[in-house]
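As provided, structure36.tsv (TSV, C-alpha atoms) reads as follows.
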chain	number	residue	atom	x	y	z
L	831	MET	CA	0.00	0.00	0.00
L	832	LYS	CA	2.89	2.28	0.81
L	833	PHE	CA	4.10	1.82	-2.79
L	834	PHE	CA	0.84	3.14	-4.25
L	835	GLN	CA	0.93	6.11	-1.90
L	836	ASN	CA	4.40	6.97	-3.16
L	837	VAL	CA	3.33	6.61	-6.79
L	838	PHE	CA	0.39	8.89	-6.10
L	839	ALA	CA	2.56	11.49	-4.40
L	840	VAL	CA	5.12	11.51	-7.20
L	841	SER	CA	2.38	11.73	-9.87
L	842	ALA	CA	0.77	14.65	-8.06
L	843	VAL	CA	4.08	16.52	-7.99
L	844	LEU	CA	4.75	15.74	-11.68
L	845	ILE	CA	1.29	16.96	-12.70
L	846	PHE	CA	1.86	20.17	-10.78
L	847	ILE	CA	5.24	20.72	-12.47
L	848	ALA	CA	3.75	19.96	-15.89
L	849	SER	CA	1.10	22.63	-15.46
L	850	GLN	CA	3.87	25.15	-14.79
L	851	ALA	CA	5.79	24.24	-17.94
L	852	PHE	CA	7.13	27.07	-20.05
L	853	ALA	CA	10.32	27.43	-22.03
L	854	VAL	CA	11.90	30.44	-20.31
L	855	LEU	CA	15.35	29.44	-19.12
L	856	PRO	CA	16.76	30.73	-15.80
L	857	ASP	CA	19.50	32.76	-17.52
L	858	GLU	CA	16.91	34.69	-19.53
L	859	VAL	CA	14.89	35.85	-16.53
L	860	LEU	CA	15.19	39.56	-15.73
L	861	LYS	CA	16.14	40.65	-12.20
L	862	ASP	CA	13.29	43.17	-12.06
L	863	PRO	CA	10.14	41.09	-11.37
L	864	ALA	CA	7.85	43.78	-12.83
L	865	LEU	CA	9.77	43.84	-16.14
L	866	GLU	CA	9.93	40.05	-16.19
L	867	ALA	CA	6.16	39.86	-15.69
L	868	ARG	CA	5.65	42.22	-18.66
L	869	ALA	CA	8.10	40.15	-20.73
L	870	ARG	CA	6.09	37.00	-19.96
L	871	VAL	CA	2.82	38.67	-20.97
L	872	ILE	CA	4.34	39.94	-24.23
L	873	SER	CA	6.01	36.67	-25.16
L	874	GLN	CA	2.77	34.75	-24.56
L	875	ASP	CA	1.22	36.85	-27.35
L	876	LEU	CA	4.09	36.41	-29.83
L	877	ARG	CA	4.02	33.46	-32.18
L	878	CYS	CA	7.06	31.24	-32.48
L	879	LEU	CA	8.09	31.24	-36.15
L	880	VAL	CA	9.49	27.74	-36.06
L	881	CYS	CA	6.67	25.82	-34.37
L	882	GLN	CA	3.92	28.08	-35.41
L	883	ASN	CA	1.15	27.14	-33.04
L	884	GLN	CA	3.19	27.90	-29.96
L	885	SER	CA	4.02	31.23	-28.41
L	886	ILE	CA	7.68	32.10	-27.95
L	887	ASP	CA	7.02	31.71	-24.23
L	888	ASP	CA	6.15	28.03	-24.74
L	889	SER	CA	8.62	27.12	-27.46
L	890	ASN	CA	12.04	25.59	-27.02
L	891	ALA	CA	13.16	26.57	-30.52
L	892	PRO	CA	16.43	28.55	-30.64
L	893	LEU	CA	14.77	31.39	-32.57
L	894	ALA	CA	12.07	31.63	-29.88
L	895	LYS	CA	14.80	31.95	-27.26
L	896	ASP	CA	16.44	34.75	-29.28
L	897	LEU	CA	13.13	36.58	-29.50
L	898	ARG	CA	12.48	36.17	-25.76
L	899	VAL	CA	15.90	37.69	-25.09
L	900	ILE	CA	15.17	40.54	-27.52
L	901	VAL	CA	11.82	41.23	-25.80
L	902	ARG	CA	13.63	41.46	-22.47
L	903	GLU	CA	16.39	43.68	-23.90
L	904	ARG	CA	13.86	46.09	-25.35
L	905	LEU	CA	11.96	46.25	-22.04
L	906	SER	CA	15.18	46.83	-20.10
L	907	SER	CA	16.08	49.68	-22.43
L	908	GLY	CA	12.78	51.36	-21.56
L	909	ASP	CA	10.47	50.33	-24.39
L	910	THR	CA	6.72	50.23	-23.78
L	911	ASN	CA	4.85	46.98	-24.50
L	912	GLU	CA	3.58	48.51	-27.76
L	913	GLN	CA	7.11	49.41	-28.84
L	914	VAL	CA	8.28	45.85	-28.19
L	915	PHE	CA	5.41	44.44	-30.26
L	916	GLY	CA	6.22	47.04	-32.94
L	917	TYR	CA	9.87	45.95	-33.02
L	918	VAL	CA	8.96	42.33	-33.72
L	919	VAL	CA	6.07	43.13	-36.08
L	920	SER	CA	8.31	45.41	-38.20
L	921	ARG	CA	10.47	42.35	-38.88
L	922	TYR	CA	8.00	39.48	-39.07
L	923	GLY	CA	4.66	41.18	-39.74
L	924	ASN	CA	1.31	40.87	-37.99
L	925	TYR	CA	1.70	37.15	-38.46
L	926	VAL	CA	3.67	36.94	-35.19
L	927	LEU	CA	0.79	38.36	-33.17
L	928	LEU	CA	-1.28	35.53	-31.73
L	929	LYS	CA	-4.06	38.09	-31.25
L	930	PRO	CA	-4.59	39.70	-34.67
L	931	PRO	CA	-5.05	43.50	-34.53
L	932	LEU	CA	-8.37	45.13	-35.45
L	933	GLN	CA	-7.74	46.88	-38.76
L	934	THR	CA	-9.33	47.10	-42.21
L	935	ASP	CA	-8.05	43.76	-43.53
L	936	THR	CA	-9.00	41.88	-40.35
L	937	LEU	CA	-12.39	43.53	-39.94
L	938	LEU	CA	-14.20	40.55	-41.46
L	939	LEU	CA	-12.33	38.19	-39.15
L	940	TRP	CA	-13.38	40.10	-36.06
L	941	ALA	CA	-16.92	40.73	-37.28
L	942	SER	CA	-17.62	37.16	-38.45
L	943	PRO	CA	-18.91	35.82	-35.08
L	944	PHE	CA	-21.42	38.68	-34.91
L	945	ILE	CA	-22.38	38.24	-38.56
L	946	MET	CA	-23.00	34.53	-37.89
L	947	LEU	CA	-25.08	35.43	-34.83
L	948	VAL	CA	-27.24	37.83	-36.85
L	949	ILE	CA	-27.73	35.19	-39.59
L	950	ALA	CA	-28.65	32.52	-37.03
L	951	LEU	CA	-31.11	34.83	-35.25
L	952	SER	CA	-32.76	35.86	-38.56
L	953	VAL	CA	-33.15	32.23	-39.61
L	954	ALA	CA	-34.58	31.36	-36.19
L	955	ILE	CA	-37.07	34.28	-36.28
L	956	VAL	CA	-38.24	33.48	-39.83
L	957	TYR	CA	-38.62	29.80	-38.94
L	958	LEU	CA	-40.56	30.47	-35.75
L	959	ARG	CA	-42.86	33.01	-37.45
L	960	ARG	CA	-43.73	30.63	-40.28
L	961	ARG	CA	-44.54	27.68	-38.08
L	962	PRO	CA	-48.34	27.36	-37.67
L	963	GLU	CA	-49.27	28.36	-34.18
L	964	LEU	CA	-50.25	25.56	-31.89
L	965	GLU	CA	-53.80	25.98	-30.72
L	966	ALA	CA	-54.35	25.77	-27.06
L	967	SER	CA	-56.42	22.62	-26.88
L	968	ASP	CA	-56.79	19.52	-24.84
L	969	GLY	CA	-54.33	17.89	-27.19
L	970	ILE	CA	-56.89	15.61	-28.79
L	971	ASP	CA	-57.40	15.84	-32.52
L	972	PRO	CA	-61.09	15.23	-33.28
L	973	ASP	CA	-60.22	13.61	-36.62
L	974	GLU	CA	-57.84	11.13	-35.07
L	975	PRO	CA	-59.32	7.65	-34.90
L	976	THR	CA	-60.05	6.54	-31.42
L	977	PRO	CA	-57.45	4.14	-30.17
L	978	THR	CA	-58.77	0.70	-29.60
L	979	ASN	CA	-57.62	-2.42	-27.96
L	980	ASP	CA	-59.74	-4.66	-30.16
L	981	LEU	CA	-57.64	-6.73	-32.39
L	982	LYS	CA	-59.88	-7.74	-35.22
L	983	VAL	CA	-58.90	-10.37	-37.65
L	984	ASP	CA	-60.71	-9.87	-40.92
I	998	MET	CA	-45.87	19.44	-50.05
I	999	ASN	CA	-43.37	18.61	-52.77
I	1000	ARG	CA	-43.71	22.01	-54.37
I	1001	PHE	CA	-40.29	23.15	-55.56
I	1002	ARG	CA	-39.12	26.44	-54.15
I	1003	LEU	CA	-35.92	28.31	-54.90
I	1004	SER	CA	-35.14	28.52	-51.20
I	1005	ASN	CA	-34.78	24.72	-51.18
I	1006	LEU	CA	-31.50	25.27	-52.98
I	1007	LEU	CA	-30.18	27.44	-50.15
I	1008	PRO	CA	-28.34	24.61	-48.30
I	1009	VAL	CA	-26.72	23.54	-51.57
I	1010	GLY	CA	-25.65	27.15	-52.19
I	1011	ILE	CA	-24.19	27.43	-48.69
I	1012	PHE	CA	-22.33	24.15	-49.16
I	1013	VAL	CA	-20.84	25.29	-52.48
I	1014	ALA	CA	-19.79	28.63	-50.96
I	1015	ILE	CA	-18.06	26.99	-47.98
I	1016	ALA	CA	-16.44	24.28	-50.14
I	1017	THR	CA	-15.06	26.87	-52.57
I	1018	THR	CA	-13.64	29.00	-49.75
I	1019	MET	CA	-12.00	25.96	-48.17
I	1020	ALA	CA	-10.63	24.73	-51.50
I	1021	PHE	CA	-8.89	28.08	-51.94
I	1022	GLY	CA	-7.68	27.95	-48.34
I	1023	LEU	CA	-6.11	24.54	-48.93
I	1024	GLN	CA	-4.05	25.89	-51.84
I	1025	ARG	CA	-2.29	28.34	-49.55
I	1026	ASP	CA	0.60	27.32	-47.34
I	1027	PRO	CA	0.04	28.93	-43.95
I	1028	LYS	CA	3.68	28.33	-43.03
I	1029	VAL	CA	4.90	30.81	-45.62
I	1030	ILE	CA	5.13	34.13	-43.86
I	1031	PRO	CA	5.07	37.17	-46.15
I	1032	SER	CA	8.23	39.27	-45.89
I	1033	MET	CA	7.99	42.72	-44.35
I	1034	LEU	CA	10.97	43.83	-46.42
I	1035	LEU	CA	9.41	43.40	-49.84
I	1036	ASP	CA	10.08	46.50	-51.98
I	1037	ARG	CA	11.73	48.19	-49.01
I	1038	PRO	CA	15.41	49.07	-48.55
I	1039	ILE	CA	17.42	46.25	-47.01
I	1040	PRO	CA	18.27	47.04	-43.35
I	1041	LYS	CA	21.80	48.27	-42.74
I	1042	PHE	CA	24.13	45.59	-41.47
I	1043	GLU	CA	27.75	44.67	-41.65
I	1044	LEU	CA	28.92	41.14	-40.93
I	1045	PRO	CA	32.48	39.93	-40.36
I	1046	ALA	CA	34.10	37.69	-42.97
I	1047	LEU	CA	33.88	33.94	-42.52
I	1048	SER	CA	37.48	33.43	-43.59
I	1049	ALA	CA	40.49	35.53	-44.53
I	1050	LYS	CA	40.12	34.47	-48.17
I	1051	GLN	CA	36.85	36.32	-48.79
I	1052	PRO	CA	35.31	39.60	-47.62
I	1053	GLY	CA	32.38	39.82	-45.21
I	1054	ILE	CA	29.15	41.52	-46.25
I	1055	ASN	CA	28.03	45.11	-45.89
I	1056	SER	CA	24.46	45.82	-46.96
I	1057	ALA	CA	25.22	49.51	-47.62
I	1058	LYS	CA	27.29	48.43	-50.63
I	1059	PHE	CA	24.54	46.28	-52.12
I	1060	GLY	CA	22.95	48.93	-54.38
I	1061	PRO	CA	26.07	50.03	-56.34
I	1062	GLU	CA	27.17	46.40	-56.78
I	1063	GLY	CA	24.17	45.69	-58.99
I	1064	LEU	CA	21.83	42.80	-58.34
I	1065	VAL	CA	22.77	40.87	-55.17
I	1066	LEU	CA	21.45	37.49	-54.06
I	1067	VAL	CA	21.84	36.86	-50.35
I	1068	ASN	CA	21.60	33.23	-49.34
I	1069	VAL	CA	21.10	32.61	-45.62
I	1070	PHE	CA	22.50	29.23	-44.64
I	1071	ALA	CA	23.82	27.25	-41.70
I	1072	SER	CA	25.96	24.16	-41.34
I	1073	TRP	CA	23.33	22.62	-39.04
I	1074	CYS	CA	20.54	22.98	-41.58
I	1075	SER	CA	19.61	19.92	-43.62
I	1076	SER	CA	17.55	21.78	-46.26
I	1077	CYS	CA	20.69	23.82	-46.99
I	1078	ARG	CA	22.48	20.62	-48.01
I	1079	TYR	CA	19.53	19.84	-50.23
I	1080	GLU	CA	19.76	23.15	-52.12
I	1081	HIS	CA	23.57	23.28	-52.10
I	1082	PRO	CA	24.23	21.49	-55.43
I	1083	PHE	CA	21.87	23.93	-57.12
I	1084	LEU	CA	23.64	26.87	-55.48
I	1085	MET	CA	26.94	25.60	-56.93
I	1086	ASN	CA	25.32	26.04	-60.35
I	1087	VAL	CA	24.01	29.49	-59.43
I	1088	ALA	CA	27.59	30.47	-58.59
I	1089	LYS	CA	28.57	30.11	-62.25
I	1090	ASP	CA	26.11	32.84	-63.22
I	1091	SER	CA	27.85	36.22	-63.46
I	1092	ARG	CA	24.77	38.43	-63.89
I	1093	PHE	CA	24.57	39.11	-60.15
I	1094	LYS	CA	26.65	38.96	-56.99
I	1095	PHE	CA	26.01	35.86	-54.89
I	1096	VAL	CA	26.76	36.30	-51.20
I	1097	GLY	CA	26.21	34.03	-48.22
I	1098	MET	CA	25.18	34.65	-44.64
I	1099	ALA	CA	26.04	31.98	-42.08
I	1100	TRP	CA	23.14	32.34	-39.63
I	1101	LYS	CA	23.39	31.21	-36.00
I	1102	ASP	CA	26.49	29.28	-36.90
I	1103	THR	CA	30.10	29.25	-35.75
I	1104	PRO	CA	32.85	30.17	-38.24
I	1105	ASP	CA	34.50	26.77	-37.66
I	1106	HIS	CA	31.37	24.81	-38.51
I	1107	ALA	CA	30.46	27.01	-41.49
I	1108	ASN	CA	33.99	26.75	-42.92
I	1109	GLU	CA	33.98	22.99	-42.52
I	1110	TYR	CA	30.57	22.81	-44.21
I	1111	LEU	CA	31.76	24.84	-47.21
I	1112	SER	CA	35.02	22.93	-47.59
I	1113	THR	CA	33.02	19.70	-47.65
I	1114	PHE	CA	30.26	20.71	-50.06
I	1115	GLY	CA	31.91	23.55	-51.99
I	1116	ASN	CA	31.73	27.32	-51.67
I	1117	PRO	CA	29.32	29.02	-54.11
I	1118	TYR	CA	29.61	32.50	-52.55
I	1119	SER	CA	31.82	35.45	-53.52
I	1120	ALA	CA	31.52	36.95	-50.03
I	1121	ILE	CA	30.34	35.46	-46.74
I	1122	GLY	CA	29.31	37.19	-43.53
I	1123	VAL	CA	28.91	35.40	-40.21
I	1124	ASP	CA	25.84	36.22	-38.13
I	1125	GLU	CA	26.69	34.17	-35.08
I	1126	SER	CA	24.10	35.75	-32.76
I	1127	GLY	CA	21.38	35.56	-35.43
I	1128	ARG	CA	20.42	39.21	-34.83
I	1129	THR	CA	21.01	40.33	-38.43
I	1130	GLY	CA	18.87	37.45	-39.64
I	1131	ILE	CA	16.11	38.52	-37.24
I	1132	ASP	CA	16.38	42.09	-38.62
I	1133	LEU	CA	15.77	40.58	-42.06
I	1134	GLY	CA	12.80	38.58	-40.79
I	1135	VAL	CA	14.53	35.23	-41.24
I	1136	SER	CA	12.43	32.51	-39.65
I	1137	GLY	CA	14.54	29.54	-40.68
I	1138	VAL	CA	17.30	28.51	-43.02
I	1139	PRO	CA	17.75	28.42	-45.95
I	1140	GLU	CA	16.31	31.69	-47.17
I	1141	THR	CA	17.30	33.72	-50.20
I	1142	PHE	CA	16.85	37.45	-50.72
I	1143	VAL	CA	17.13	39.32	-54.01
I	1144	VAL	CA	18.33	42.92	-53.60
I	1145	ASP	CA	18.19	45.26	-56.59
I	1146	ARG	CA	20.45	48.16	-57.64
I	1147	GLY	CA	18.43	50.54	-55.53
I	1148	GLY	CA	19.27	48.45	-52.45
I	1149	ARG	CA	15.65	47.28	-52.21
I	1150	VAL	CA	14.54	43.76	-51.40
I	1151	ARG	CA	12.72	42.48	-54.46
I	1152	LEU	CA	12.09	38.91	-53.40
I	1153	ARG	CA	12.42	36.57	-50.46
I	1154	VAL	CA	12.44	32.84	-51.04
I	1155	PRO	CA	11.93	30.92	-47.78
I	1156	GLY	CA	13.15	27.33	-47.89
I	1157	PRO	CA	15.46	25.59	-50.33
I	1158	MET	CA	16.01	27.10	-53.78
I	1159	THR	CA	14.86	24.86	-56.61
I	1160	PRO	CA	15.21	25.12	-60.40
I	1161	GLU	CA	11.42	25.70	-60.55
I	1162	ILE	CA	11.49	28.65	-58.13
I	1163	TRP	CA	14.57	29.99	-59.89
I	1164	LYS	CA	12.91	29.91	-63.29
I	1165	ALA	CA	9.58	31.30	-62.13
I	1166	GLU	CA	10.66	33.99	-59.69
I	1167	ILE	CA	14.38	34.85	-59.85
I	1168	GLU	CA	15.09	34.68	-63.57
I	1169	PRO	CA	12.43	37.33	-64.46
I	1170	ILE	CA	13.99	39.77	-61.96
I	1171	ILE	CA	17.48	39.18	-63.43
I	1172	LEU	CA	16.20	39.67	-66.99
I	1173	ALA	CA	14.32	42.84	-66.03
I	1174	ALA	CA	17.41	44.21	-64.25
I	1175	ALA	CA	19.57	43.51	-67.32
I	1176	LYS	CA	17.19	45.47	-69.54
I	1177	SER	CA	17.18	48.61	-67.42
I	1178	PRO	CA	20.78	49.49	-66.62
Translate the structure of the given file into C-alpha cells.
Amino acid sequence: MKFFQNVFAVSAVLIFIASQAFAVLPDEVLKDPALEARARVISQDLRCLVCQNQSIDDSNAPLAKDLRVIVRERLSSGDTNEQVFGYVVSRYGNYVLLKPPLQTDTLLLWASPFIMLVIALSVAIVYLRRRPELEASDGIDPDEPTPTNDLKVD
Amino acid sequence: MNRFRLSNLLPVGIFVAIATTMAFGLQRDPKVIPSMLLDRPIPKFELPALSAKQPGINSAKFGPEGLVLVNVFASWCSSCRYEHPFLMNVAKDSRFKFVGMAWKDTPDHANEYLSTFGNPYSAIGVDESGRTGIDLGVSGVPETFVVDRGGRVRLRVPGPMTPEIWKAEIEPIILAAAKSP
C-alpha cells in the first residue's frame, strides 16, 4: 500500500510541475520582477516562427529563445509593451501576433462571429414566425381515430 | 408538399460557398510568412568575414554592386544541403553577386561545411548571434533574398532554392534588371 501512496505522491508533484511548464530558461529571466512579468505577458502573445502554433514563451526553438531575449532587452532599455510588439512586427509582420489586430483587412475576421449570430437569429425568427401556431387545446385531434384495444382479424 | 421552391436550394448554395472557400484555403501554405521587407530598402548591417580568403558583407554596398542574391544558410541545416548542389550552379552565373550569410552558426562549422560541399559564394558574412537574420525577418534557413540596384529587397524565397522557383521567380527579376541598366 505504501508503494501506491508513493506513486500517487510523485504523480501529483509531476502533474503540478507539468502545469507550470514554459520554455523560459533561468539565464533569460530579468532581475526586475515587474519587467519580467511584462516580458512574460508579451512573449505569450508572440508566435514562435518555427513551431507556429506555440508562443515564444512556450517554445524551445532557438529562434524563440532569441526573440524572448530581444523582448527582455527592449523592455530593459525602456520600451513600452507597444514598442516591443512594434519591433517584432516590423520584422515578421502581424503574423507573429497571436491576437490579430483590429484593422481594415482583419475587420471581417473580427466581425464574423457577430455576422453569424445575426444570420442565425434571422433564420430562427423566420422559422418560428412561419410555423403554424399551436392551438391551445386539450391535445386531442377530433379527426384522429379513437385508439382501440380490439384486435380484429378480418 | 413537394412544391419546388428556390429557397430549397439554399443549403446547396451554402455548401458550395463553404467548399469553394476551403478549396482556396487549402491551396495556400500557412507556413509561408510574407516578408515585411518586400520593396523596401534592405536594413543596414555589416557582418564579419567567414574566412580571410573572402570579404564579409556590408548591406550599404549592395545597391552600387548591382543585383545581389543573399543566401542565408547554416551548417546545421539539412535543407541547406539539399539546395547546395543547385547553389553551386548558381555560382557560375555572373549576372549578379552571390553572397552568403552563415546564420546562428560558428565560423568553424560554417567553414567545414563549405570545404566539404563547396563554396558558391563570392563573399560570406557570419551572423553568429542571429540578430542580423532577425532584422531581415529570417524565420529559418535556408532563405534567399534578391536585392536590386536601388538596395531594395525584391524577393524573399523561404526554404530551399529549386530550379522551378529559380525559373519562375528569380530569372524574371534578373532579366528585367539587365534590360534597365
Can you tell me which residues surround Ser920 of chain L at a distance of at most 12 Å, considering only C-alpha atoms, apart from same-chain residues fewer than 4 positions away, and format the answer as number ranges by chain? L: 912-916, 924-927; I: 1031-1035, 1037, 1040, 1131-1134
Do me a favour and pick out the residues of chain L within 7 Å of chain I, using all atoms listed in the file, as JSON, numbers by chain. {"L": [879, 880, 920, 921, 922, 923]}
Which one is closest to Leu1111 of chain I: I:Ile1167, I:Ser1048, I:Val1065, I:Phe1083? Count all atoms listed in the file.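 Going through I:Ile1167, I:Ser1048, I:Val1065, I:Phe1083 one by one, the smallest distance to Leu1111 of chain I is for I:Ser1048.
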Would you kindly return, as a PyMOL selection string, each protein, DNA or RNA residue with an atom no farther than 8 Å from any atom of Pro1155 of chain I, considering all atoms listed in the file and excluding same-chain residues fewer than 2 positions away? chain I and resi 1029+1137-1141+1153+1157
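The spacing separating atom CA of Glu1168 of chain I from atom CA of Phe1093 of chain I amounts to 11.0 Å.
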Produce the centre coordinates and the three edge lengths, each in Å to one decimal, of the box along x, y and z that contains all listed atoms of segment 1003-1012 of chain I with 3 Å added on each side, as AutoDock Vina command-line options.
--center_x -29.1 --center_y 26.0 --center_z -51.6 --size_x 19.6 --size_y 11.0 --size_z 12.6
